[in-house]
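Peer 1: Before I ask anything, here is the structure I am working with.
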Amino acid sequence: MKPSVITHLEIKCPDGNRHYYYGSMSAIFNNWQYGDIGVTLRQLYYHKLSPTHPFENNKCIIRQGTIVRKPQKPHAKYDPFN
């Protein structure tokens, strides 16, 4: 199975950093605004995130990586009449 890209947002807080995971960079901006994280989607695209090149400012760290899933086995079809 092909690994999927995952985007990790780490919000810097004085009482401990908070971690959030998204399926795309643009999904971050459904929950957060520029004032919250200090970066725009356009800036992230220009930054060219990669597993070895995260984005960091005084409010957050944004990383990209891959999520590896277990391959699914084909399911036997359920036939209630057998």
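Each chain in the structure tokens gets a letter, A, B and so on, in the order shown; residues start at 1 in every chain, and ligands are counted from 1 in the order they appear.
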Would you please extract all strand (DSSP E) residues from chain A, as assigned by DSSP on the backbone, and give them as a count of residues only?
Peer 2: 23
Peer 1: Give me the residues within 6 Å of range 16-26 of chain A as a ChimeraX atom specification, counting only C-alpha atoms and dropping any in the same chain fewer than 6 places off.
Peer 2: /A:6-10
Peer 1: Could those selected residues go to a file with N, CA and C atoms, as a PDB file, in the first residue's frame?
Peer 2:
```pdb
ATOM      1  N   ILE A   6       1.129  13.097   5.523  1.00  0.00           N
ATOM      2  CA  ILE A   6       0.454  13.649   6.693  1.00  0.00           C
ATOM      3  C   ILE A   6       1.170  14.928   7.084  1.00  0.00           C
ATOM      4  N   THR A   7       0.417  15.937   7.506  1.00  0.00           N
ATOM      5  CA  THR A   7       0.983  17.216   7.918  1.00  0.00           C
ATOM      6  C   THR A   7       0.768  17.366   9.415  1.00  0.00           C
ATOM      7  N   HIS A   8       1.835  17.625  10.139  1.00  0.00           N
ATOM      8  CA  HIS A   8       1.820  17.727  11.598  1.00  0.00           C
ATOM      9  C   HIS A   8       1.978  19.188  11.986  1.00  0.00           C
ATOM     10  N   LEU A   9       1.010  19.700  12.742  1.00  0.00           N
ATOM     11  CA  LEU A   9       1.052  21.068  13.257  1.00  0.00           C
ATOM     12  C   LEU A   9       1.311  21.003  14.749  1.00  0.00           C
ATOM     13  N   GLU A  10       2.364  21.661  15.189  1.00  0.00           N
ATOM     14  CA  GLU A  10       2.700  21.740  16.610  1.00  0.00           C
ATOM     15  C   GLU A  10       2.572  23.197  17.033  1.00  0.00           C
TER      16      GLU A  10
END
```
Peer 1: What's around Phe55 in chain A at 10 Å? Count only C-alpha atoms, leave out sequence neighbours fewer than 6 positions away in its own chain, and write the answer as a ChimeraX atom specification.
Peer 2: /A:9,39,43-44,47-49,61-64
Peer 1: Could you tell me how far CA of Cys13 in chain A sits from CA of Ser50 in chain A, in Å to one decimal place?
Peer 2: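 One can read the CA of Ser50 in chain A to CA of Cys13 in chain A distance as 23.8 Å.
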